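These notes are about the structure you will find just below.
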Amino acid sequence: MKSAIIGFVLALCAAFALSAAPADVTYTEGDAVVKTKAGATHDVRIGDTLVTGDTLRTGSDGLAELDQTGVTIHVASNTVFTLMERQVTGQPSTVLSVALGSIKFKYGKLTGTEPGVRTNGASAGVRGTEFSVYAGADGSTLITVDTGVVTVESQGKSVDLAADMGVDIPLGQPPGDPFTVQRNQIDYSQWNDSKVQAMLYDPLAALDNIETAMASYEQDVASYVKDFNDYSQQLKKERANYADILQKQGADIAGKYNQDVVYPLMLKTLALGLNVRYSSLAALSLRRFVAGRLYVTERVKYIDREDSSEWQDFLQKYTIILDGFEKMIAPQLVEADI
Amino acid sequence: MRRLLLAAVVCAAALALGSCASLQRSFDEGDMKKIVDLVNRGQQDALAGMSTTPFLVDGEVVVLPADVAGFWAGIVKSGYRVQGAALASGAKVAVDSYTLFASTMEVKSFFGRYVKDGGRILELTTDGGKRVRILLRSAWPGWKIAGWKGPF
């Protein structure tokens, strides 16, 4: 089924030239690399263009600035940023994903078709012109708004943030209460360090949050896959009907049937396929940049105390999360995603 | 006379093969000792410099260079030492070698993408009967460490 969904999505995207707006690299310094959607990795250079599926990673001395049709994206050091795509209202829509680190977004002017922003644990609808997104190592998110309004959503609940407001969203939980922030006064390192300390103080609680967030992605994927399969079957049937009509009633009637029935069905199926990929890659981001990093930290901590109950408890819970990922998400990924 | 010649050829071939195997084993032992020595002497920077990105820790694909360095720094900080290391086996990476680290899609993809050519897996035994697996990837002019599993 994996190849069916991915193949369908790629073929239709190519056929209808559907893809999210690319982002041009306008500035870069220090350690900054891009992993393309095909899996190749190279240093980022000014003038490069990032397309859907590409991931930009900055190191401790790395910075990058991107321009995406009127949005200026400042990528800070130690950040992982991916250009993603999903379908929400029948059209492909860009999603700017911050898996780790901090990014400041600045919109020239609002057009109503602004790309959404996501982290491993929250999403933001943009109605503001200048705001920052901080993605912590524990999967939590901090969003602060300089101007305009940003709607932040997590676990089915949302809050509106006006200028000079911020909100903290713990992984797997709804947004907290908005608070007032001093503009440009957030210290990402300090904020992230406090999150890491809390995570390492209680790794099992951190795993609970990861499990909740991962379950949410798995549910989305299962739901999209089921609908994709249903629509694929229906599409197959309607294509057969179209061929039958073409043969028996001629090209004009068949053409109208194609336009009224087959084409809309095809777009709907494409939307579902895109959303399967989107949710699967979002789950991979959570797995890679939150769960996996926590595992390595704990593994090293207990490297010579494998039999300790703390490590065994951690491992037991972690294995459950991995099993779910392997069963529900991995079948929707391809080698180049890894 | 013909039989004698054939026997000589067979013996020579067997000797050559045996020499190759023992030569490879001595290479593997040398590589293992170099890595173990760096771990035991707490040479985290050297280990990080000899490691690839992405890097495999058990079944986890580590994609950030800072995290690979953090892994070695964590090992050193924990005071872990590979005591009494002995090479149990050294083998060329094969199609199903990924299962030696984890039987998952991610690890299979990692092997498929990053260590398909010239990779070797060294398995060592340590004091207390624990084992460690080290994944090496060929990189000019020698090799790099691409993964670590254990002790288990």
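Chain labels run A, B, ... following the order of the structure tokens; each chain numbers its residues from 1, and ligands are numbered from 1 in the order shown.
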
Against range 124-138 of chain B, which residues of range 29-119 of chain B fall within 10 Å? For each one I want the closest pair of atoms and the distance in Å (one decimal), counting only C-alpha atoms, rows by chain and increasing residue number, as JSON lines.
{"residue": "B:Glu29", "atom": "CA", "partner": "B:Leu124", "partner_atom": "CA", "distance": 9.5}
{"residue": "B:Asp31", "atom": "CA", "partner": "B:Leu136", "partner_atom": "CA", "distance": 9.1}
{"residue": "B:Met32", "atom": "CA", "partner": "B:Leu124", "partner_atom": "CA", "distance": 8.1}
{"residue": "B:Ile35", "atom": "CA", "partner": "B:Ile134", "partner_atom": "CA", "distance": 9.1}
{"residue": "B:Val36", "atom": "CA", "partner": "B:Leu124", "partner_atom": "CA", "distance": 9.9}
{"residue": "B:Met50", "atom": "CA", "partner": "B:Leu136", "partner_atom": "CA", "distance": 10.0}
{"residue": "B:Ser51", "atom": "CA", "partner": "B:Leu136", "partner_atom": "CA", "distance": 8.9}
{"residue": "B:Thr52", "atom": "CA", "partner": "B:Arg137", "partner_atom": "CA", "distance": 8.3}
{"residue": "B:Phe55", "atom": "CA", "partner": "B:Leu135", "partner_atom": "CA", "distance": 9.3}
{"residue": "B:Leu56", "atom": "CA", "partner": "B:Leu135", "partner_atom": "CA", "distance": 8.3}
{"residue": "B:Val57", "atom": "CA", "partner": "B:Ile134", "partner_atom": "CA", "distance": 9.6}
{"residue": "B:Asp58", "atom": "CA", "partner": "B:Arg133", "partner_atom": "CA", "distance": 9.0}
{"residue": "B:Arg81", "atom": "CA", "partner": "B:Thr126", "partner_atom": "CA", "distance": 9.7}
{"residue": "B:Val82", "atom": "CA", "partner": "B:Thr126", "partner_atom": "CA", "distance": 6.5}
{"residue": "B:Gln83", "atom": "CA", "partner": "B:Asp127", "partner_atom": "CA", "distance": 5.6}
{"residue": "B:Gly84", "atom": "CA", "partner": "B:Thr126", "partner_atom": "CA", "distance": 5.0}
{"residue": "B:Ala85", "atom": "CA", "partner": "B:Thr126", "partner_atom": "CA", "distance": 4.6}
{"residue": "B:Ala86", "atom": "CA", "partner": "B:Leu124", "partner_atom": "CA", "distance": 5.3}
{"residue": "B:Leu87", "atom": "CA", "partner": "B:Leu124", "partner_atom": "CA", "distance": 4.5}
{"residue": "B:Ala88", "atom": "CA", "partner": "B:Leu124", "partner_atom": "CA", "distance": 5.0}
{"residue": "B:Ser89", "atom": "CA", "partner": "B:Leu124", "partner_atom": "CA", "distance": 6.9}
{"residue": "B:Gly90", "atom": "CA", "partner": "B:Leu124", "partner_atom": "CA", "distance": 8.8}
{"residue": "B:Ala91", "atom": "CA", "partner": "B:Leu135", "partner_atom": "CA", "distance": 9.9}
{"residue": "B:Lys92", "atom": "CA", "partner": "B:Leu136", "partner_atom": "CA", "distance": 9.5}
{"residue": "B:Val93", "atom": "CA", "partner": "B:Leu135", "partner_atom": "CA", "distance": 8.7}
{"residue": "B:Leu100", "atom": "CA", "partner": "B:Arg133", "partner_atom": "CA", "distance": 8.3}
{"residue": "B:Phe101", "atom": "CA", "partner": "B:Arg133", "partner_atom": "CA", "distance": 8.1}
{"residue": "B:Phe111", "atom": "CA", "partner": "B:Leu135", "partner_atom": "CA", "distance": 10.0}
{"residue": "B:Tyr114", "atom": "CA", "partner": "B:Arg137", "partner_atom": "CA", "distance": 8.1}
{"residue": "B:Val115", "atom": "CA", "partner": "B:Arg137", "partner_atom": "CA", "distance": 5.8}
{"residue": "B:Lys116", "atom": "CA", "partner": "B:Arg137", "partner_atom": "CA", "distance": 8.6}
{"residue": "B:Asp117", "atom": "CA", "partner": "B:Ser138", "partner_atom": "CA", "distance": 7.4}
{"residue": "B:Gly118", "atom": "CA", "partner": "B:Ser138", "partner_atom": "CA", "distance": 5.4}
{"residue": "B:Gly119", "atom": "CA", "partner": "B:Arg137", "partner_atom": "CA", "distance": 4.4}

Secondary structure check, strand (DSSP E or B) residues of range 22-148 of chain B, as a CSV table (one decimal) with N, CA and C atoms, in the first residue's frame:
chain,number,residue,atom,x,y,z
B,51,SER,N,33.6,9.5,13.2
B,51,SER,CA,32.2,9.0,13.1
B,51,SER,C,31.5,9.7,11.9
B,52,THR,N,30.6,8.9,11.3
B,52,THR,CA,29.8,9.4,10.2
B,52,THR,C,28.5,10.1,10.8
B,53,THR,N,27.9,11.0,10.0
B,53,THR,CA,26.6,11.4,10.2
B,53,THR,C,25.8,11.2,8.9
B,54,PRO,N,24.7,10.5,9.0
B,54,PRO,CA,24.0,10.0,10.2
B,54,PRO,C,24.8,8.8,10.8
B,55,PHE,N,24.5,8.5,12.1
B,55,PHE,CA,25.2,7.5,12.9
B,55,PHE,C,24.1,6.7,13.5
B,56,LEU,N,24.4,5.4,13.7
B,56,LEU,CA,23.4,4.5,14.3
B,56,LEU,C,23.8,4.2,15.8
B,57,VAL,N,22.9,4.4,16.7
B,57,VAL,CA,23.1,4.0,18.1
B,57,VAL,C,22.0,2.9,18.4
B,60,GLU,N,18.7,3.5,16.7
B,60,GLU,CA,18.3,4.9,16.5
B,60,GLU,C,19.3,5.6,15.5
B,61,VAL,N,18.7,6.2,14.5
B,61,VAL,CA,19.4,7.0,13.5
B,61,VAL,C,19.7,8.4,14.0
B,62,VAL,N,20.9,8.7,14.3
B,62,VAL,CA,21.3,10.1,14.8
B,62,VAL,C,21.7,10.9,13.6
B,86,ALA,N,37.7,-8.4,23.2
B,86,ALA,CA,38.3,-9.4,22.3
B,86,ALA,C,37.3,-9.5,21.1
B,87,LEU,N,38.0,-9.6,19.9
B,87,LEU,CA,37.2,-9.6,18.7
B,87,LEU,C,36.5,-11.0,18.6
B,88,ALA,N,35.2,-11.0,18.6
B,88,ALA,CA,34.5,-12.3,18.4
B,88,ALA,C,34.3,-12.6,16.9
B,89,SER,N,34.0,-11.6,16.2
B,89,SER,CA,33.8,-11.8,14.7
B,89,SER,C,33.9,-10.4,14.0
B,90,GLY,N,34.3,-10.6,12.7
B,90,GLY,CA,34.3,-9.4,11.9
B,90,GLY,C,33.7,-9.9,10.6
B,91,ALA,N,32.7,-9.1,10.1
B,91,ALA,CA,32.0,-9.6,8.9
B,91,ALA,C,31.6,-8.4,8.0
B,92,LYS,N,31.7,-8.7,6.7
B,92,LYS,CA,31.3,-7.7,5.7
B,92,LYS,C,29.8,-7.5,5.8
B,120,ARG,N,31.7,-3.0,7.4
B,120,ARG,CA,32.0,-4.2,8.2
B,120,ARG,C,31.4,-4.0,9.6
B,121,ILE,N,31.0,-5.1,10.1
B,121,ILE,CA,30.5,-5.2,11.5
B,121,ILE,C,31.5,-6.0,12.4
B,122,LEU,N,32.0,-5.3,13.4
B,122,LEU,CA,32.9,-6.0,14.3
B,122,LEU,C,32.1,-6.3,15.6
B,123,GLU,N,32.1,-7.5,16.0
B,123,GLU,CA,31.5,-7.9,17.3
B,123,GLU,C,32.5,-8.2,18.3
B,124,LEU,N,32.5,-7.6,19.4
B,124,LEU,CA,33.5,-7.9,20.5
B,124,LEU,C,32.8,-8.4,21.7
B,125,THR,N,33.5,-9.2,22.4
B,125,THR,CA,33.1,-9.6,23.7
B,125,THR,C,33.9,-8.8,24.7
B,131,ARG,N,28.4,-8.0,25.0
B,131,ARG,CA,28.9,-7.8,23.7
B,131,ARG,C,28.7,-6.4,23.2
B,132,VAL,N,29.5,-6.0,22.2
B,132,VAL,CA,29.4,-4.7,21.6
B,132,VAL,C,29.5,-4.9,20.1
B,133,ARG,N,28.7,-4.2,19.3
B,133,ARG,CA,28.8,-4.3,17.9
B,133,ARG,C,29.2,-2.9,17.3
B,134,ILE,N,30.2,-2.9,16.5
B,134,ILE,CA,30.6,-1.6,15.9
B,134,ILE,C,30.5,-1.7,14.4
B,135,LEU,N,29.8,-0.7,13.8
B,135,LEU,CA,29.6,-0.7,12.4
B,135,LEU,C,30.6,0.3,11.8
B,136,LEU,N,31.4,-0.2,10.8
B,136,LEU,CA,32.4,0.6,10.1
B,136,LEU,C,32.0,0.8,8.7
B,137,ARG,N,32.2,2.0,8.2
B,137,ARG,CA,31.9,2.3,6.8
B,137,ARG,C,33.2,2.7,6.1
B,138,SER,N,33.5,2.2,4.9
B,138,SER,CA,34.7,2.6,4.2
B,138,SER,C,34.6,4.0,3.8
B,139,ALA,N,35.7,4.7,4.1
B,139,ALA,CA,35.8,6.1,3.7
B,139,ALA,C,37.2,6.4,3.5
B,142,GLY,N,40.5,5.3,4.7
B,142,GLY,CA,40.3,4.1,5.6
B,142,GLY,C,38.9,3.8,5.8
B,143,TRP,N,38.4,4.1,7.0
B,143,TRP,CA,37.0,3.8,7.4
B,143,TRP,C,36.6,4.8,8.4
B,144,LYS,N,35.3,4.8,8.7
B,144,LYS,CA,34.7,5.7,9.7
B,144,LYS,C,33.7,4.8,10.5
B,145,ILE,N,33.5,5.3,11.7
B,145,ILE,CA,32.5,4.5,12.6
B,145,ILE,C,31.1,5.0,12.2
B,146,ALA,N,30.3,4.1,11.8
B,146,ALA,CA,28.9,4.5,11.4
B,146,ALA,C,27.9,4.0,12.4
B,147,GLY,N,28.3,3.2,13.4
B,147,GLY,CA,27.2,2.8,14.3
B,147,GLY,C,27.8,2.0,15.5
B,148,TRP,N,27.1,2.0,16.6
B,148,TRP,CA,27.5,1.4,17.8
B,148,TRP,C,26.3,0.7,18.5

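Among the candidate residues B:Phe152, B:Phe110, B:Trp140, B:Phe27, the one lying nearest to Asp304 in chain A is B:Phe152, with distances computed using only C-alpha atoms.
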
Practice item. Determine which residues of chain A sit within 9 Å of chain B, taking into account only C-alpha atoms, and present them as a list of chain:residue names. Key: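 Matching residues, ligands excluded from the count: A:Gly39, A:Arg57, A:Gly59, A:Ser60, A:Asn78, A:Arg288, A:Phe289, A:Gly292, A:Arg293, A:Tyr295, A:Val296, A:Thr297, A:Arg299, A:Val300, A:Lys301, A:Tyr302, A:Ile303, A:Asp304, A:Glu306, A:Glu326, A:Ala330, A:Pro331, A:Leu333, A:Val334, A:Glu335, A:Ala336, A:Asp337, A:Ile338.
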
Using C-alpha atoms, can you write the selected residues to a file as a short mmCIF file (atom, residue, chain, number, x, y, z; two decimals), in the first residue's frame?
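Here's the written file part_9.cif:
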data_model
loop_
_atom_site.label_atom_id
_atom_site.label_comp_id
_atom_site.auth_asym_id
_atom_site.auth_seq_id
_atom_site.Cartn_x
_atom_site.Cartn_y
_atom_site.Cartn_z
CA GLY A 39 17.92 12.03 0.49
CA ARG A 57 19.74 21.99 9.33
CA GLY A 59 24.76 23.73 13.41
CA SER A 60 25.94 25.64 16.46
CA ASN A 78 20.89 24.44 15.98
CA ARG A 288 13.86 11.53 15.18
CA PHE A 289 14.22 14.87 16.97
CA GLY A 292 15.39 9.29 19.38
CA ARG A 293 17.46 12.01 21.04
CA TYR A 295 16.74 7.47 23.83
CA VAL A 296 20.40 8.16 23.06
CA THR A 297 20.76 10.39 26.11
CA ARG A 299 21.14 4.92 26.69
CA VAL A 300 24.45 6.57 27.42
CA LYS A 301 23.40 7.37 30.98
CA TYR A 302 22.69 3.71 31.69
CA ILE A 303 25.29 2.23 29.33
CA ASP A 304 26.94 0.25 32.08
CA GLU A 306 21.57 -2.12 31.69
CA GLU A 326 6.97 0.63 13.00
CA ALA A 330 7.08 3.16 8.80
CA PRO A 331 4.98 1.57 6.00
CA LEU A 333 7.95 6.12 4.58
CA VAL A 334 10.57 5.56 1.92
CA GLU A 335 14.33 5.03 2.20
CA ALA A 336 15.07 8.64 1.23
CA ASP A 337 13.12 9.85 4.27
CA ILE A 338 15.66 8.21 6.59
#

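Here CA of Leu66 in chain A stands at a distance of 23.8 Å from CA of Leu284 in chain A.
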
Review point. Can you list every residue in range 36-78 of chain B that DSSP puts in helix (DSSP H, G or I), as a ChimeraX atom specification?
Key: /B:36-40,44-49,65-78

Would you save the residues from that selection as a short mmCIF file (atom, residue, chain, number, x, y, z; two decimals), in the first residue's frame, using N, CA and C atoms?
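Contents of selection_17.cif, as written:
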data_model
loop_
_atom_site.label_atom_id
_atom_site.label_comp_id
_atom_site.auth_asym_id
_atom_site.auth_seq_id
_atom_site.Cartn_x
_atom_site.Cartn_y
_atom_site.Cartn_z
N VAL B 36 38.43 0.91 20.72
CA VAL B 36 38.33 0.61 22.14
C VAL B 36 39.31 1.47 22.95
N ASP B 37 40.49 1.62 22.40
CA ASP B 37 41.51 2.43 23.08
C ASP B 37 41.04 3.88 23.23
N LEU B 38 40.44 4.41 22.16
CA LEU B 38 39.95 5.79 22.23
C LEU B 38 38.82 5.93 23.26
N VAL B 39 37.95 4.93 23.30
CA VAL B 39 36.85 4.96 24.29
C VAL B 39 37.45 4.92 25.69
N ASN B 40 38.36 3.99 25.90
CA ASN B 40 38.92 3.80 27.24
C ASN B 40 39.79 4.97 27.70
N GLN B 44 36.83 11.58 23.31
CA GLN B 44 35.52 11.81 22.68
C GLN B 44 35.61 12.59 21.37
N ASP B 45 36.51 13.58 21.32
CA ASP B 45 36.61 14.38 20.10
C ASP B 45 37.15 13.55 18.92
N ALA B 46 38.12 12.71 19.23
CA ALA B 46 38.67 11.85 18.18
C ALA B 46 37.61 10.88 17.67
N LEU B 47 36.83 10.34 18.61
CA LEU B 47 35.76 9.41 18.22
C LEU B 47 34.71 10.12 17.37
N ALA B 48 34.35 11.34 17.78
CA ALA B 48 33.36 12.10 17.00
C ALA B 48 33.90 12.39 15.60
N GLY B 49 35.19 12.71 15.54
CA GLY B 49 35.81 13.01 14.25
C GLY B 49 35.90 11.79 13.35
N PRO B 65 25.15 16.20 13.67
CA PRO B 65 26.55 16.01 14.09
C PRO B 65 26.76 16.29 15.59
N ALA B 66 26.06 17.31 16.11
CA ALA B 66 26.21 17.64 17.53
C ALA B 66 25.73 16.48 18.42
N ASP B 67 24.73 15.76 17.94
CA ASP B 67 24.22 14.62 18.72
C ASP B 67 25.18 13.43 18.67
N VAL B 68 25.87 13.27 17.54
CA VAL B 68 26.87 12.19 17.44
C VAL B 68 28.01 12.50 18.42
N ALA B 69 28.45 13.76 18.41
CA ALA B 69 29.50 14.17 19.35
C ALA B 69 28.99 14.02 20.78
N GLY B 70 27.72 14.34 21.00
CA GLY B 70 27.11 14.21 22.33
C GLY B 70 27.06 12.76 22.80
N PHE B 71 26.86 11.85 21.86
CA PHE B 71 26.85 10.42 22.20
C PHE B 71 28.20 9.98 22.76
N TRP B 72 29.27 10.34 22.04
CA TRP B 72 30.62 9.95 22.52
C TRP B 72 30.97 10.67 23.82
N ALA B 73 30.57 11.95 23.89
CA ALA B 73 30.84 12.70 25.13
C ALA B 73 30.09 12.06 26.30
N GLY B 74 28.88 11.60 26.04
CA GLY B 74 28.08 10.95 27.09
C GLY B 74 28.71 9.66 27.56
N ILE B 75 29.24 8.89 26.61
CA ILE B 75 29.91 7.63 26.96
C ILE B 75 31.11 7.91 27.86
N VAL B 76 31.88 8.90 27.45
CA VAL B 76 33.08 9.25 28.24
C VAL B 76 32.66 9.75 29.62
N LYS B 77 31.66 10.62 29.65
CA LYS B 77 31.21 11.20 30.91
C LYS B 77 30.68 10.13 31.87
N SER B 78 30.05 9.10 31.29
CA SER B 78 29.48 8.05 32.16
C SER B 78 30.58 7.19 32.78
#

Study note, to complete from the structure: One residue among A:Thr113, A:Ser285, A:Ser140, A:Thr119 is nearest to Asn209 in chain A when using only C-alpha atoms, and that residue is A:Ser140

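Proximity ranking of A:Gly136, A:Gly250, A:Pro22, A:Gly112 relative to Leu100 in chain A places A:Gly136 first, based on only C-alpha atoms.
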